$ cat final.cif   # mmCIF, C-alpha atoms
data_start
#
loop_
_atom_site.label_atom_id
_atom_site.label_comp_id
_atom_site.auth_asym_id
_atom_site.auth_seq_id
_atom_site.Cartn_x
_atom_site.Cartn_y
_atom_site.Cartn_z
CA MET G 1 -11.40 -15.03 0.33
CA ALA G 2 -9.86 -13.17 -2.61
CA PRO G 3 -10.05 -14.70 -6.10
CA HIS G 4 -7.15 -12.46 -7.21
CA PRO G 5 -4.47 -10.39 -5.51
CA ASP G 6 -6.28 -7.02 -5.18
CA ASP G 7 -9.86 -8.24 -4.67
CA GLU G 8 -9.52 -7.91 -0.90
CA SER G 9 -8.69 -4.21 -1.27
CA ALA G 10 -11.19 -3.65 -4.07
CA GLY G 11 -14.03 -5.21 -2.14
CA CYS G 12 -13.62 -5.07 1.63
CA ALA G 13 -10.51 -3.13 2.74
CA GLY G 14 -12.59 -0.82 4.93
CA ALA G 15 -14.25 -3.68 6.77
CA LEU G 16 -10.95 -5.52 7.24
CA LEU G 17 -9.39 -2.40 8.77
CA GLU G 18 -12.41 -2.04 11.05
CA HIS G 19 -12.08 -5.67 12.20
CA ARG G 20 -8.44 -5.05 13.09
CA ARG G 21 -9.33 -1.78 14.85
CA VAL G 22 -11.54 -3.68 17.31
CA GLY G 23 -9.01 -6.49 17.77
CA ASP G 24 -10.33 -9.22 15.47
CA GLN G 25 -7.85 -11.52 13.76
CA VAL G 26 -8.02 -11.33 9.96
CA VAL G 27 -6.70 -13.83 7.43
CA ILE G 28 -6.64 -13.01 3.72
CA ALA G 29 -6.64 -16.13 1.54
CA CYS G 30 -5.64 -15.30 -2.03
CA VAL G 31 -6.74 -18.05 -4.39
CA THR G 32 -5.04 -17.32 -7.72
CA ASP G 33 -1.83 -15.59 -8.79
CA GLY G 34 -3.47 -13.14 -11.20
CA ARG G 35 -1.08 -14.00 -14.04
CA ARG G 36 -3.70 -13.44 -16.78
CA SER G 37 -3.88 -9.69 -16.22
CA GLY G 38 -2.85 -7.81 -19.35
CA ALA G 39 -1.77 -4.68 -17.50
CA LEU G 40 1.58 -3.10 -18.41
CA GLY G 41 2.24 -5.75 -21.05
CA LEU G 42 3.93 -8.07 -18.54
CA ARG G 43 4.34 -11.75 -19.36
CA PRO G 44 2.37 -14.15 -17.12
CA GLU G 45 5.27 -15.20 -14.87
CA ARG G 46 6.40 -11.63 -14.32
CA MET G 47 2.83 -10.51 -13.68
CA ALA G 48 2.32 -13.29 -11.11
CA ALA G 49 5.54 -12.35 -9.34
CA ALA G 50 4.61 -8.66 -9.29
CA ARG G 51 1.15 -9.35 -7.94
CA PHE G 52 2.52 -11.60 -5.19
CA GLU G 53 4.72 -8.74 -3.97
CA GLU G 54 1.79 -6.32 -4.17
CA MET G 55 -0.39 -8.73 -2.21
CA LYS G 56 2.21 -9.05 0.54
CA THR G 57 2.41 -5.26 0.82
CA ALA G 58 -1.37 -4.89 0.95
CA ALA G 59 -1.75 -7.60 3.61
CA GLU G 60 0.88 -5.90 5.76
CA PHE G 61 -0.88 -2.57 5.35
CA LEU G 62 -4.21 -4.18 6.31
CA ASP G 63 -2.47 -5.75 9.32
CA SER G 64 -3.72 -9.16 8.21
CA ARG G 65 -2.14 -12.59 7.85
CA LEU G 66 -1.72 -13.65 4.24
CA GLU G 67 -2.51 -17.17 3.02
CA TRP G 68 -1.02 -17.14 -0.46
CA TRP G 69 -2.34 -20.09 -2.44
CA GLY G 70 -1.36 -18.59 -5.79
CA LEU G 71 -3.04 -21.14 -8.04
CA PRO G 72 -2.21 -20.38 -11.70
CA GLU G 73 -5.08 -18.20 -12.85
CA MET G 74 -7.57 -20.14 -15.01
CA GLU G 75 -5.39 -23.27 -14.80
CA TRP G 76 -6.49 -24.84 -11.52
CA GLU G 77 -8.74 -27.69 -10.44
CA ASP G 78 -11.68 -27.28 -8.06
CA HIS G 79 -10.19 -29.64 -5.48
CA GLU G 80 -7.06 -27.47 -5.20
CA LEU G 81 -9.21 -24.71 -3.75
CA SER G 82 -11.57 -26.91 -1.72
CA ASP G 83 -8.71 -28.84 -0.08
CA ARG G 84 -6.93 -25.64 0.96
CA LEU G 85 -10.16 -24.13 2.21
CA GLU G 86 -10.94 -27.15 4.36
CA ALA G 87 -7.50 -26.96 5.98
CA LEU G 88 -7.83 -23.22 6.58
CA VAL G 89 -11.28 -23.51 8.15
CA ALA G 90 -10.00 -26.28 10.45
CA ARG G 91 -7.05 -24.13 11.56
CA THR G 92 -8.88 -20.84 12.05
CA ASN G 93 -12.49 -21.77 12.95
CA PRO G 94 -13.76 -18.47 11.49
CA ASP G 95 -16.71 -16.48 12.81
CA LEU G 96 -17.25 -14.57 9.56
CA VAL G 97 -15.98 -15.04 6.01
CA TYR G 98 -15.93 -12.41 3.27
CA VAL G 99 -16.62 -14.13 -0.05
CA PRO G 100 -16.73 -12.98 -3.69
CA SER G 101 -19.92 -12.09 -5.45
CA GLY G 102 -21.48 -14.53 -7.88
CA ILE G 103 -23.05 -11.64 -9.78
CA ASP G 104 -19.60 -10.45 -10.84
CA PHE G 105 -18.96 -11.22 -14.48
CA HIS G 106 -15.26 -12.15 -14.19
CA PRO G 107 -15.13 -15.93 -14.79
CA GLU G 108 -12.61 -16.49 -11.98
CA HIS G 109 -14.76 -14.55 -9.50
CA GLN G 110 -17.75 -16.69 -10.45
CA ARG G 111 -15.80 -19.95 -10.34
CA VAL G 112 -14.19 -19.22 -6.97
CA ALA G 113 -17.62 -18.26 -5.60
CA ARG G 114 -19.12 -21.53 -6.86
CA VAL G 115 -16.37 -23.72 -5.37
CA LEU G 116 -16.49 -21.81 -2.08
CA ALA G 117 -20.26 -22.26 -1.95
CA GLN G 118 -20.05 -26.02 -2.44
CA SER G 119 -17.19 -26.43 0.05
CA LEU G 120 -18.56 -24.20 2.81
CA LEU G 121 -21.94 -25.91 2.63
CA ARG G 122 -20.19 -29.21 3.33
CA LEU G 123 -17.85 -27.84 5.99
CA THR G 124 -20.02 -25.44 7.99
CA PRO G 125 -23.48 -24.64 6.55
CA THR G 126 -24.46 -22.15 9.26
CA LEU G 127 -21.30 -20.04 9.04
CA ARG G 128 -21.98 -16.33 8.45
CA LEU G 129 -20.74 -14.98 5.13
CA ARG G 130 -20.57 -11.51 3.66
CA ILE G 131 -20.60 -11.25 -0.12
CA TYR G 132 -18.54 -8.26 -1.18
CA PRO G 133 -18.68 -6.41 -4.52
CA ILE G 134 -15.64 -6.36 -6.77
CA GLN G 135 -16.91 -5.10 -10.11
CA VAL G 136 -20.71 -5.14 -9.94
CA PRO G 137 -22.24 -2.99 -7.14
CA LEU G 138 -24.57 -4.59 -4.58
CA MET G 139 -26.41 -1.36 -3.78
CA PRO G 140 -29.32 -0.80 -3.59
CA PHE G 141 -30.01 -4.53 -4.00
CA PRO G 142 -29.21 -7.09 -2.63
CA ALA G 143 -26.96 -5.53 0.04
CA ASN G 144 -28.26 -5.79 3.61
CA VAL G 145 -25.20 -4.63 5.60
CA LEU G 146 -23.44 -1.28 5.32
CA VAL G 147 -20.05 -0.54 6.90
CA PRO G 148 -19.16 3.18 7.14
CA ILE G 149 -15.46 3.76 6.46
CA ARG G 150 -13.74 5.70 9.20
CA ASP G 151 -10.42 6.19 7.41
CA ALA G 152 -10.87 6.73 3.68
CA SER G 153 -7.18 7.51 3.14
CA SER G 154 -6.20 4.07 4.48
CA VAL G 155 -8.59 2.33 2.08
CA GLU G 156 -7.08 4.27 -0.80
CA GLN G 157 -3.57 3.37 0.35
CA ALA G 158 -4.52 -0.32 0.47
CA ILE G 159 -5.81 -0.07 -3.08
CA ARG G 160 -2.65 1.68 -4.25
CA CYS G 161 -0.53 -1.22 -2.98
CA HIS G 162 -1.69 -3.01 -6.14
CA ARG G 163 0.22 -0.81 -8.57
CA THR G 164 -0.16 -3.02 -11.63
CA GLN G 165 -3.96 -3.02 -11.29
CA ILE G 166 -4.60 0.56 -10.24
CA GLY G 167 -6.57 1.42 -13.38
CA SER G 168 -9.26 -1.14 -12.58
CA LEU G 169 -9.27 -0.32 -8.86
CA VAL G 170 -9.95 3.43 -9.04
CA PRO G 171 -13.71 2.86 -9.67
CA THR G 172 -14.02 0.97 -6.37
CA LEU G 173 -13.51 4.25 -4.52
CA ARG G 174 -16.43 5.79 -6.44
CA ARG G 175 -18.54 2.71 -5.63
CA ARG G 176 -17.88 3.35 -1.94
CA ARG G 177 -18.90 7.00 -2.30
CA TYR G 178 -22.12 5.96 -4.00
CA ALA G 179 -22.89 3.40 -1.27
CA ALA G 180 -22.55 6.08 1.40
CA ALA G 181 -24.64 8.57 -0.59
CA LEU G 182 -27.44 6.05 -1.20
CA ALA G 183 -27.59 5.49 2.56
CA GLY G 184 -27.50 9.20 3.34
CA LEU G 185 -24.05 9.03 4.91
CA PRO G 186 -21.03 11.27 4.38
CA GLY G 187 -17.74 9.96 3.02
CA LEU G 188 -17.35 6.32 2.00
CA ALA G 189 -19.10 3.08 2.93
CA GLU G 190 -18.94 -0.58 1.91
CA ALA G 191 -22.07 -2.57 1.10
CA TYR G 192 -22.34 -6.31 1.76
CA TRP G 193 -24.87 -9.07 1.30
CA GLU G 194 -24.82 -11.13 4.50
CA LEU G 195 -26.21 -14.66 4.53
CA ASP G 196 -25.21 -18.10 5.76
CA ALA G 197 -23.21 -20.72 3.91
CA GLY G 198 -26.32 -22.75 3.12
CA GLU G 199 -28.01 -19.78 1.45
CA TYR G 200 -24.81 -18.94 -0.43
CA ALA G 201 -24.66 -22.51 -1.74
CA ARG G 202 -28.31 -22.51 -2.84
CA LEU G 203 -27.80 -19.21 -4.61
CA HIS G 204 -24.79 -20.44 -6.58
CA GLY G 205 -26.27 -23.86 -7.25
CA THR G 206 -29.32 -22.51 -9.09
CA GLU G 207 -29.94 -18.91 -10.09
CA LEU G 208 -26.36 -17.75 -10.57
CA SER G 209 -25.04 -20.90 -12.22
CA SER G 210 -26.45 -20.00 -15.62
CA ILE G 211 -26.33 -16.20 -15.86
CA GLU G 212 -24.78 -14.64 -18.93
CA PRO G 213 -21.84 -12.24 -18.49
CA SER G 214 -23.94 -9.41 -19.96
CA THR G 215 -26.61 -9.76 -17.23
CA PHE G 216 -24.71 -7.35 -14.98
CA ARG G 217 -22.24 -4.52 -15.58
CA GLY G 218 -19.35 -3.28 -13.49
CA LEU G 219 -18.06 0.23 -12.95
CA ARG G 220 -15.51 1.26 -15.58
CA TYR G 221 -12.54 3.59 -15.33
CA TRP G 222 -14.48 6.64 -16.55
CA ALA G 223 -17.34 7.74 -14.31
CA PHE G 224 -19.81 8.90 -16.98
CA SER G 225 -21.14 5.35 -17.50
CA ASP G 226 -21.49 4.51 -13.78
CA PRO G 227 -25.32 4.66 -13.74
CA LEU G 228 -25.41 1.73 -16.16
CA ALA G 229 -23.67 -0.47 -13.58
CA TYR G 230 -26.54 0.16 -11.15
CA LEU G 231 -29.35 -0.17 -13.68
CA THR G 232 -28.15 -3.22 -15.62
CA GLY G 233 -29.62 -6.32 -14.00
CA ILE G 234 -31.32 -4.42 -11.18
CA LYS G 235 -34.56 -6.40 -11.52
CA LEU G 236 -32.70 -9.68 -11.04
CA ARG G 237 -30.72 -8.28 -8.12
CA ARG G 238 -33.95 -7.11 -6.51
CA ARG G 239 -35.54 -10.53 -6.96
CA LEU G 240 -32.51 -12.30 -5.51
CA SER G 241 -32.65 -9.94 -2.55
CA GLU G 242 -36.35 -10.67 -1.96
CA GLU G 243 -35.89 -14.42 -2.27
#

$ encode --input "final.cif" --output "structure tokens"
Amino acid sequence: MAPHPDDESAGCAGALLEHRRVGDQVVIACVTDGRRSGALGLRPERMAAARFEEMKTAAEFLDSRLEWWGLPEMEWEDHELSDRLEALVARTNPDLVYVPSGIDFHPEHQRVARVLAQSLLRLTPTLRLRIYPIQVPLMPFPANVLVPIRDASSVEQAIRCHRTQIGSLVPTLRRRRYAAALAGLPGLAEAYWELDAGEYARLHGTELSSIEPSTFRGLRYWAFSDPLAYLTGIKLRRRLSEE
């Protein structure tokens, strides 16, 4: 489940490639069209069109089926997402769903996470979910699953499919290097917070529903400020992990 075209590559491209390597079927559902991005000075309609083409290319590279919902970014109703999700779950009967992180400070990431939490609780409360990081890292807390990346060049190629957003995606490669280093592994790795749909719903119905955007911090383009992304909000992330 990708709030924007590029979140799938930013957050979980390595895991998606690994699923395909072992023969799993993968569906990427892209919720919004990403028209509000200010990159390159493109007008909203042109930006949405460009990001749709980028998303198609990335899905092909990840060998995954694309469900393009393309709701106008920041102009959609909750039921438009929940209705589409219900139909998708009925068609695919998923074993595992990768979902956005409620500790991300982007309002669309938080809103999509909240609607997904409410809908999945109603549809299938015991379904396994993996929360993936987009901006705010989940290491060292509250991640509980680590996926080593076998083919770092393929992850980078998936990211580079999203040409209009490349400036904001470069830090996600550093985040993967840090995840591997924190675990004592070479190369890159992706960190996830695995829980069931009921736990995801409880999390987004209470603690994360009222956090301020400044509670957490994401990685920025320049690496010198990266430690702040790990230190800002670490006490809350630790507590969420323990609970």

$ atom_distance --input "final.cif" --atom1 "CA of Ala197 (chain G)" --atom2 "CA of Leu120 (chain G)"
5.9 Å

$ resolve_selection --input "final.cif" --expression "the PyMOL selection byres ((chain G and resi 202) around 12)" --output "list in words"
Gly102, Ala113, Arg114, Leu116, Ala117, Gln118, Leu120, Leu121, Pro125, Leu195, Asp196, Ala197, Gly198, Glu199, Tyr200, Ala201, Leu203, His204, Gly205, Thr206, Glu207, Leu208, Ser209, Leu240 and Glu243 of chain G

$ atom_distance --input "final.cif" --atom1 "CA of Glu156 (chain G)" --atom2 "CA of Gly34 (chain G)"
20.6 Å

$ closest_residue --input "final.cif" --among "G:Gly11, G:Leu138, G:Ser37, G:Arg91" --to "Thr172 (chain G)" --atoms "all atoms listed in the file"
G:Gly11

$ closest_residue --input "final.cif" --among "G:Leu17, G:Leu236, G:Leu146, G:Met74" --to "Pro107 (chain G)" --atoms "all atoms listed in the file"
G:Met74

$ closest_residue --input "final.cif" --among "G:Arg122, G:Arg177, G:Arg21, G:Arg35" --to "Pro148 (chain G)" --atoms "all atoms listed in the file"
G:Arg177

$ decode --input "final.cif" --residues "region 5-98 of chain G" --atoms "C-alpha atoms" --output "PDB file, in the first residue's frame"
ATOM      1  CA  PRO G   5       3.837   6.915  -6.401  1.00  0.00           C
ATOM      2  CA  ASP G   6       7.413   6.281  -5.139  1.00  0.00           C
ATOM      3  CA  ASP G   7       6.656   5.178  -1.564  1.00  0.00           C
ATOM      4  CA  GLU G   8       6.846   1.516  -2.565  1.00  0.00           C
ATOM      5  CA  SER G   9      10.419   2.023  -3.805  1.00  0.00           C
ATOM      6  CA  ALA G  10      11.365   4.359  -0.971  1.00  0.00           C
ATOM      7  CA  GLY G  11      10.132   1.975   1.691  1.00  0.00           C
ATOM      8  CA  CYS G  12      10.136  -1.667   0.636  1.00  0.00           C
ATOM      9  CA  ALA G  13      11.621  -2.240  -2.833  1.00  0.00           C
ATOM     10  CA  GLY G  14      14.136  -4.755  -1.479  1.00  0.00           C
ATOM     11  CA  ALA G  15      11.468  -6.845   0.219  1.00  0.00           C
ATOM     12  CA  LEU G  16       9.209  -6.752  -2.850  1.00  0.00           C
ATOM     13  CA  LEU G  17      12.060  -8.000  -5.035  1.00  0.00           C
ATOM     14  CA  GLU G  18      12.753 -10.753  -2.511  1.00  0.00           C
ATOM     15  CA  HIS G  19       9.090 -11.826  -2.552  1.00  0.00           C
ATOM     16  CA  ARG G  20       9.209 -12.091  -6.332  1.00  0.00           C
ATOM     17  CA  ARG G  21      12.519 -13.985  -6.190  1.00  0.00           C
ATOM     18  CA  VAL G  22      10.868 -16.777  -4.192  1.00  0.00           C
ATOM     19  CA  GLY G  23       7.738 -16.802  -6.370  1.00  0.00           C
ATOM     20  CA  ASP G  24       5.263 -14.748  -4.334  1.00  0.00           C
ATOM     21  CA  GLN G  25       2.697 -12.644  -6.167  1.00  0.00           C
ATOM     22  CA  VAL G  26       3.000  -8.928  -5.399  1.00  0.00           C
ATOM     23  CA  VAL G  27       0.411  -6.201  -5.928  1.00  0.00           C
ATOM     24  CA  ILE G  28       1.306  -2.536  -5.478  1.00  0.00           C
ATOM     25  CA  ALA G  29      -1.739  -0.391  -4.701  1.00  0.00           C
ATOM     26  CA  CYS G  30      -0.952   3.302  -5.196  1.00  0.00           C
ATOM     27  CA  VAL G  31      -3.484   5.443  -3.360  1.00  0.00           C
ATOM     28  CA  THR G  32      -2.903   9.017  -4.568  1.00  0.00           C
ATOM     29  CA  ASP G  33      -1.581  10.606  -7.748  1.00  0.00           C
ATOM     30  CA  GLY G  34       1.120  12.704  -6.066  1.00  0.00           C
ATOM     31  CA  ARG G  35       0.024  15.905  -7.814  1.00  0.00           C
ATOM     32  CA  ARG G  36       0.989  18.158  -4.875  1.00  0.00           C
ATOM     33  CA  SER G  37       4.713  17.577  -5.289  1.00  0.00           C
ATOM     34  CA  GLY G  38       6.515  20.829  -6.012  1.00  0.00           C
ATOM     35  CA  ALA G  39       9.431  19.186  -7.797  1.00  0.00           C
ATOM     36  CA  LEU G  40      10.592  20.647 -11.120  1.00  0.00           C
ATOM     37  CA  GLY G  41       7.944  23.362 -10.978  1.00  0.00           C
ATOM     38  CA  LEU G  42       5.362  21.173 -12.746  1.00  0.00           C
ATOM     39  CA  ARG G  43       1.677  22.064 -12.524  1.00  0.00           C
ATOM     40  CA  PRO G  44      -0.501  19.521 -10.653  1.00  0.00           C
ATOM     41  CA  GLU G  45      -1.971  17.799 -13.724  1.00  0.00           C
ATOM     42  CA  ARG G  46       1.411  17.440 -15.391  1.00  0.00           C
ATOM     43  CA  MET G  47       2.971  16.209 -12.159  1.00  0.00           C
ATOM     44  CA  ALA G  48       0.218  13.592 -11.723  1.00  0.00           C
ATOM     45  CA  ALA G  49       0.694  12.382 -15.288  1.00  0.00           C
ATOM     46  CA  ALA G  50       4.464  12.172 -14.873  1.00  0.00           C
ATOM     47  CA  ARG G  51       4.199  10.264 -11.623  1.00  0.00           C
ATOM     48  CA  PHE G  52       1.731   7.785 -13.130  1.00  0.00           C
ATOM     49  CA  GLU G  53       4.249   6.950 -15.860  1.00  0.00           C
ATOM     50  CA  GLU G  54       7.028   6.650 -13.279  1.00  0.00           C
ATOM     51  CA  MET G  55       4.881   4.356 -11.159  1.00  0.00           C
ATOM     52  CA  LYS G  56       4.159   2.085 -14.116  1.00  0.00           C
ATOM     53  CA  THR G  57       7.879   1.829 -14.865  1.00  0.00           C
ATOM     54  CA  ALA G  58       8.733   1.068 -11.237  1.00  0.00           C
ATOM     55  CA  ALA G  59       6.040  -1.611 -10.953  1.00  0.00           C
ATOM     56  CA  GLU G  60       7.330  -3.290 -14.103  1.00  0.00           C
ATOM     57  CA  PHE G  61      10.869  -3.190 -12.754  1.00  0.00           C
ATOM     58  CA  LEU G  62       9.681  -4.697  -9.455  1.00  0.00           C
ATOM     59  CA  ASP G  63       7.830  -7.373 -11.448  1.00  0.00           C
ATOM     60  CA  SER G  64       4.632  -6.484  -9.590  1.00  0.00           C
ATOM     61  CA  ARG G  65       1.041  -5.856 -10.623  1.00  0.00           C
ATOM     62  CA  LEU G  66       0.024  -2.224 -10.286  1.00  0.00           C
ATOM     63  CA  GLU G  67      -3.333  -1.151  -8.851  1.00  0.00           C
ATOM     64  CA  TRP G  68      -3.414   2.539  -9.733  1.00  0.00           C
ATOM     65  CA  TRP G  69      -6.124   4.271  -7.718  1.00  0.00           C
ATOM     66  CA  GLY G  70      -4.687   7.731  -8.311  1.00  0.00           C
ATOM     67  CA  LEU G  71      -6.943   9.672  -5.957  1.00  0.00           C
ATOM     68  CA  PRO G  72      -6.205  13.419  -6.259  1.00  0.00           C
ATOM     69  CA  GLU G  73      -3.642  14.068  -3.554  1.00  0.00           C
ATOM     70  CA  MET G  74      -5.193  15.772  -0.500  1.00  0.00           C
ATOM     71  CA  GLU G  75      -8.586  15.947  -2.254  1.00  0.00           C
ATOM     72  CA  TRP G  76     -10.082  12.527  -1.525  1.00  0.00           C
ATOM     73  CA  GLU G  77     -12.636  11.084   0.878  1.00  0.00           C
ATOM     74  CA  ASP G  78     -11.907   8.240   3.298  1.00  0.00           C
ATOM     75  CA  HIS G  79     -14.504   5.953   1.716  1.00  0.00           C
ATOM     76  CA  GLU G  80     -12.764   6.210  -1.673  1.00  0.00           C
ATOM     77  CA  LEU G  81      -9.778   4.409  -0.173  1.00  0.00           C
ATOM     78  CA  SER G  82     -11.703   2.007   2.083  1.00  0.00           C
ATOM     79  CA  ASP G  83     -14.022   0.886  -0.739  1.00  0.00           C
ATOM     80  CA  ARG G  84     -11.115   0.153  -3.072  1.00  0.00           C
ATOM     81  CA  LEU G  85      -9.220  -1.628  -0.319  1.00  0.00           C
ATOM     82  CA  GLU G  86     -12.168  -3.873   0.483  1.00  0.00           C
ATOM     83  CA  ALA G  87     -12.467  -4.890  -3.172  1.00  0.00           C
ATOM     84  CA  LEU G  88      -8.726  -5.544  -3.451  1.00  0.00           C
ATOM     85  CA  VAL G  89      -8.608  -7.676  -0.303  1.00  0.00           C
ATOM     86  CA  ALA G  90     -11.574  -9.716  -1.571  1.00  0.00           C
ATOM     87  CA  ARG G  91      -9.847 -10.319  -4.924  1.00  0.00           C
ATOM     88  CA  THR G  92      -6.360 -11.113  -3.645  1.00  0.00           C
ATOM     89  CA  ASN G  93      -6.836 -12.616  -0.148  1.00  0.00           C
ATOM     90  CA  PRO G  94      -3.369 -11.393   0.896  1.00  0.00           C
ATOM     91  CA  ASP G  95      -1.040 -13.189   3.300  1.00  0.00           C
ATOM     92  CA  LEU G  96       0.998 -10.081   4.119  1.00  0.00           C
ATOM     93  CA  VAL G  97       0.450  -6.367   3.529  1.00  0.00           C
ATOM     94  CA  TYR G  98       3.116  -3.668   3.597  1.00  0.00           C
TER      95      TYR G  98
END
